[in-house]
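K.L.:
The structure is given below, and queries will be raised subsequently.
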Amino acid sequence: MPQRHSKNNNDLAFFTYDEKRKLGYGTQKERLGKDSIKPFDACCLCLKLVIEPLCCPKGHVFCKECILECLLSQKKDIQRKLAAHAAQKKQEVGEQEEKLMLQKARELEAFDQQNHGAVPHHSDKNYSRDKNGFHGANSVKATSFEEEALRTMKAFWLPSATPEAAAKVEAPSTSTTCPEGNEKLKLKSLFPIYFTEEKGEDYKSTAYDKKHICPSCKVTMTNAMSLVALSSCGHVFCKKCADKFMVVDKVCLVCNKPCKEKNLVNLKKGGTGFSGHDENLEAKDFKHLGSGSGLGLVRPAQKV
């Protein structure tokens, strides 16, 4: 069956929407489905089933090994940036001291020339251009005027005269951040959580296929449910049981440990693929060059 002519008409003076998508550059948008969104019991870093799960105060779940490696790498990066910033500050102080020493040397030399009187006084511009004064029409200094003009000319199209901006390193933030929510996160603010696995004679769970239930109502947890974790003991309940029992009794239903309303942390929901449940179902990616040109990997794409 032949292809649609409306998507392959090459006689137009402008690009159609489908032709722009085929080029593969610019801002590309894609609707995400359920397969592109992690479940509620998956790690936000490795996207696998959590092992020794830790939760942040905002409800993001991580594996213990993954979040510790992430925080450690952030601290190393902060130390590297602090060292680069300190070196830059030291270099700036050295350049400032060198400028002051040169200024003092010029002032002393100008004072010495004025006292002797035999050598005429020159301004700073003449001093920087010709230190020993005028040497005559046939001198090297007089014939090198074109080289001096070329050196001081602001010609951005010449490789030798391209202006260079000094790369400044800003003072980095000394606090680590959550890799998922981008808020400040400390190691001591993480707390372990414990899911209740479903156990029965007919059901046998494996390492990659585990079902979790609410310890109160014994309902199987799914991505469509709202879950609540207690930061005091780490047990996870469904939202209905937490509002009905923990808020009123202020005690955990599993370990009878007292808890307060501030200890109830809403876990981030898993993905279902429906727009009414999930918030961010549209992915955007900006590409300088399209994949069809063969140069799509020359410059890395920047996420918008």
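In the structure tokens, each chain is lettered A, B, ... as it comes, each chain's residues begin at 1, and ligands are numbered from 1 in order of appearance.
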Can you list, as JSON, numbers by chain, every protein, DNA or RNA residue that comes within 12 Å of Val236 (chain A) when you count only C-alpha atoms, leaving out same-chain residues fewer than 3 positions away?

P.N.:
{"A": [40, 41, 53, 55, 59, 61, 192, 193, 194, 195, 196, 197, 212, 213, 214, 215, 216, 217, 218, 221, 226, 227, 228, 229, 230, 231, 232, 233, 239, 240, 241, 242, 246, 252, 253, 254, 255, 263, 264, 265, 266, 267]}

K.L.:
Selection from above, N, CA and C atoms, as a compact mmCIF listing (two decimals), in the first residue's frame, can you write it?

P.N.:
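As a result, again_34.txt now contains:
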# COMPACT_ATOMS: atom_id res chain seq x y z
N PHE A 40 6.12 2.60 42.05
CA PHE A 40 6.29 3.25 43.36
C PHE A 40 7.40 2.61 44.17
N ASP A 41 7.68 1.32 43.95
CA ASP A 41 8.70 0.63 44.74
C ASP A 41 10.03 0.50 44.00
N PRO A 53 15.54 0.20 51.21
CA PRO A 53 15.09 1.53 50.76
C PRO A 53 15.24 2.61 51.82
N CYS A 55 14.15 6.86 52.31
CA CYS A 55 13.20 7.86 51.81
C CYS A 55 13.62 9.23 52.29
N GLY A 59 9.40 12.31 50.01
CA GLY A 59 8.75 11.08 49.57
C GLY A 59 9.44 10.37 48.43
N VAL A 61 12.02 7.67 46.98
CA VAL A 61 12.57 6.42 47.49
C VAL A 61 13.85 6.09 46.72
N PRO A 192 14.84 4.93 56.86
CA PRO A 192 14.51 3.67 56.17
C PRO A 192 13.00 3.42 56.21
N ILE A 193 12.51 2.77 55.16
CA ILE A 193 11.10 2.39 55.08
C ILE A 193 11.02 0.88 54.88
N TYR A 194 9.88 0.30 55.29
CA TYR A 194 9.70 -1.14 55.24
C TYR A 194 8.35 -1.44 54.60
N PHE A 195 8.40 -2.15 53.46
CA PHE A 195 7.18 -2.59 52.80
C PHE A 195 6.78 -3.96 53.35
N THR A 196 5.49 -4.19 53.44
CA THR A 196 4.96 -5.48 53.89
C THR A 196 4.68 -6.34 52.67
N GLU A 197 5.41 -7.43 52.54
CA GLU A 197 5.25 -8.31 51.38
C GLU A 197 4.03 -9.21 51.54
N HIS A 212 3.46 -5.86 47.36
CA HIS A 212 3.41 -5.29 48.69
C HIS A 212 1.96 -4.99 49.04
N ILE A 213 1.63 -5.15 50.31
CA ILE A 213 0.27 -4.93 50.79
C ILE A 213 0.31 -3.93 51.94
N CYS A 214 -0.82 -3.33 52.20
CA CYS A 214 -0.96 -2.46 53.35
C CYS A 214 -1.10 -3.34 54.59
N PRO A 215 -0.30 -3.14 55.63
CA PRO A 215 -0.39 -4.02 56.82
C PRO A 215 -1.68 -3.87 57.59
N SER A 216 -2.47 -2.84 57.29
CA SER A 216 -3.71 -2.62 58.02
C SER A 216 -4.91 -3.27 57.33
N CYS A 217 -5.14 -2.87 56.05
CA CYS A 217 -6.30 -3.37 55.32
C CYS A 217 -5.97 -4.53 54.38
N LYS A 218 -4.71 -4.92 54.27
CA LYS A 218 -4.25 -6.05 53.44
C LYS A 218 -4.58 -5.86 51.95
N MET A 221 -0.81 -3.02 47.13
CA MET A 221 -0.40 -1.66 46.73
C MET A 221 -0.14 -1.63 45.23
N SER A 226 -2.32 6.08 46.76
CA SER A 226 -1.53 7.06 47.51
C SER A 226 -1.00 6.38 48.76
N LEU A 227 0.31 6.40 48.95
CA LEU A 227 0.96 5.70 50.06
C LEU A 227 1.56 6.70 51.03
N VAL A 228 1.60 6.29 52.28
CA VAL A 228 2.14 7.13 53.36
C VAL A 228 3.14 6.30 54.14
N ALA A 229 4.30 6.89 54.43
CA ALA A 229 5.34 6.24 55.23
C ALA A 229 5.52 7.02 56.52
N LEU A 230 5.77 6.30 57.60
CA LEU A 230 6.03 6.91 58.90
C LEU A 230 7.53 7.09 59.08
N SER A 231 7.95 8.33 59.26
CA SER A 231 9.38 8.59 59.44
C SER A 231 9.89 8.13 60.80
N SER A 232 8.99 7.86 61.73
CA SER A 232 9.40 7.43 63.06
C SER A 232 9.80 5.95 63.07
N CYS A 233 9.05 5.09 62.36
CA CYS A 233 9.36 3.66 62.35
C CYS A 233 9.61 3.11 60.95
N LYS A 239 -3.10 5.52 52.02
CA LYS A 239 -3.53 6.83 52.47
C LYS A 239 -4.79 6.75 53.32
N LYS A 240 -5.70 5.87 52.98
CA LYS A 240 -6.97 5.77 53.72
C LYS A 240 -6.74 5.31 55.15
N CYS A 241 -5.92 4.29 55.33
CA CYS A 241 -5.65 3.80 56.68
C CYS A 241 -4.87 4.83 57.50
N ALA A 242 -3.97 5.55 56.86
CA ALA A 242 -3.20 6.54 57.59
C ALA A 242 -4.09 7.68 58.08
N MET A 246 -3.88 6.47 61.92
CA MET A 246 -2.68 7.09 62.46
C MET A 246 -2.88 8.54 62.85
N CYS A 252 1.61 3.76 65.50
CA CYS A 252 1.75 2.85 64.36
C CYS A 252 0.96 1.58 64.62
N LEU A 253 0.29 1.08 63.59
CA LEU A 253 -0.53 -0.11 63.73
C LEU A 253 0.28 -1.40 63.72
N VAL A 254 1.57 -1.34 63.37
CA VAL A 254 2.41 -2.53 63.29
C VAL A 254 3.25 -2.69 64.55
N CYS A 255 3.97 -1.65 64.91
CA CYS A 255 4.90 -1.73 66.05
C CYS A 255 4.44 -0.95 67.27
N ASN A 263 5.12 13.19 61.17
CA ASN A 263 5.86 12.00 60.77
C ASN A 263 5.26 11.29 59.56
N LEU A 264 4.09 11.71 59.10
CA LEU A 264 3.46 11.10 57.94
C LEU A 264 4.04 11.73 56.67
N VAL A 265 4.71 10.93 55.87
CA VAL A 265 5.36 11.39 54.64
C VAL A 265 4.67 10.71 53.46
N ASN A 266 4.15 11.51 52.55
CA ASN A 266 3.48 10.98 51.35
C ASN A 266 4.54 10.53 50.34
N LEU A 267 4.51 9.26 49.99
CA LEU A 267 5.44 8.74 48.99
C LEU A 267 4.99 9.15 47.59

K.L.:
Choose the residue, out of A:Ala224, A:Leu72, A:Ile67, A:Leu82, that has the smallest atom-to-atom separation from Phe191 (chain A); count only C-alpha atoms.

P.N.:
A:Ile67

K.L.:
Could you tell me which of A:Thr176, A:Ala171, A:Leu54, A:Pro159 comes closest to Lys76 (chain A) if we count only C-alpha atoms?

P.N.:
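Answer, going by the shortest atom-to-atom distance: A:Thr176.
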
K.L.:
When you draw a straight line from CA of Lys250 (chain A) to CA of Cys44 (chain A), how long is it in Å?

P.N.:
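Going from CA of Lys250 (chain A) over to CA of Cys44 (chain A), I get 29.8 Å.
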
K.L.:
What is the CA of Pro57 (chain A) to CA of Lys284 (chain A) distance in Å?

P.N.:
27.9 Å

K.L.:
Which neighbours of Leu45 (chain A) fall inside 9 Å, counting only C-alpha atoms, when residues of the same chain fewer than 5 positions from it are skipped, and could you give them as number ranges by chain?

P.N.:
A: 62-63, 66-67, 70, 179-180

K.L.:
Between A:Gln114, A:Ser73, A:Thr27, A:Gln88, which residue has the minimum interatomic distance to Ala167 (chain A), considering only C-alpha atoms?

P.N.:
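Distance minimum relative to Ala167 (chain A) lands on A:Gln88.
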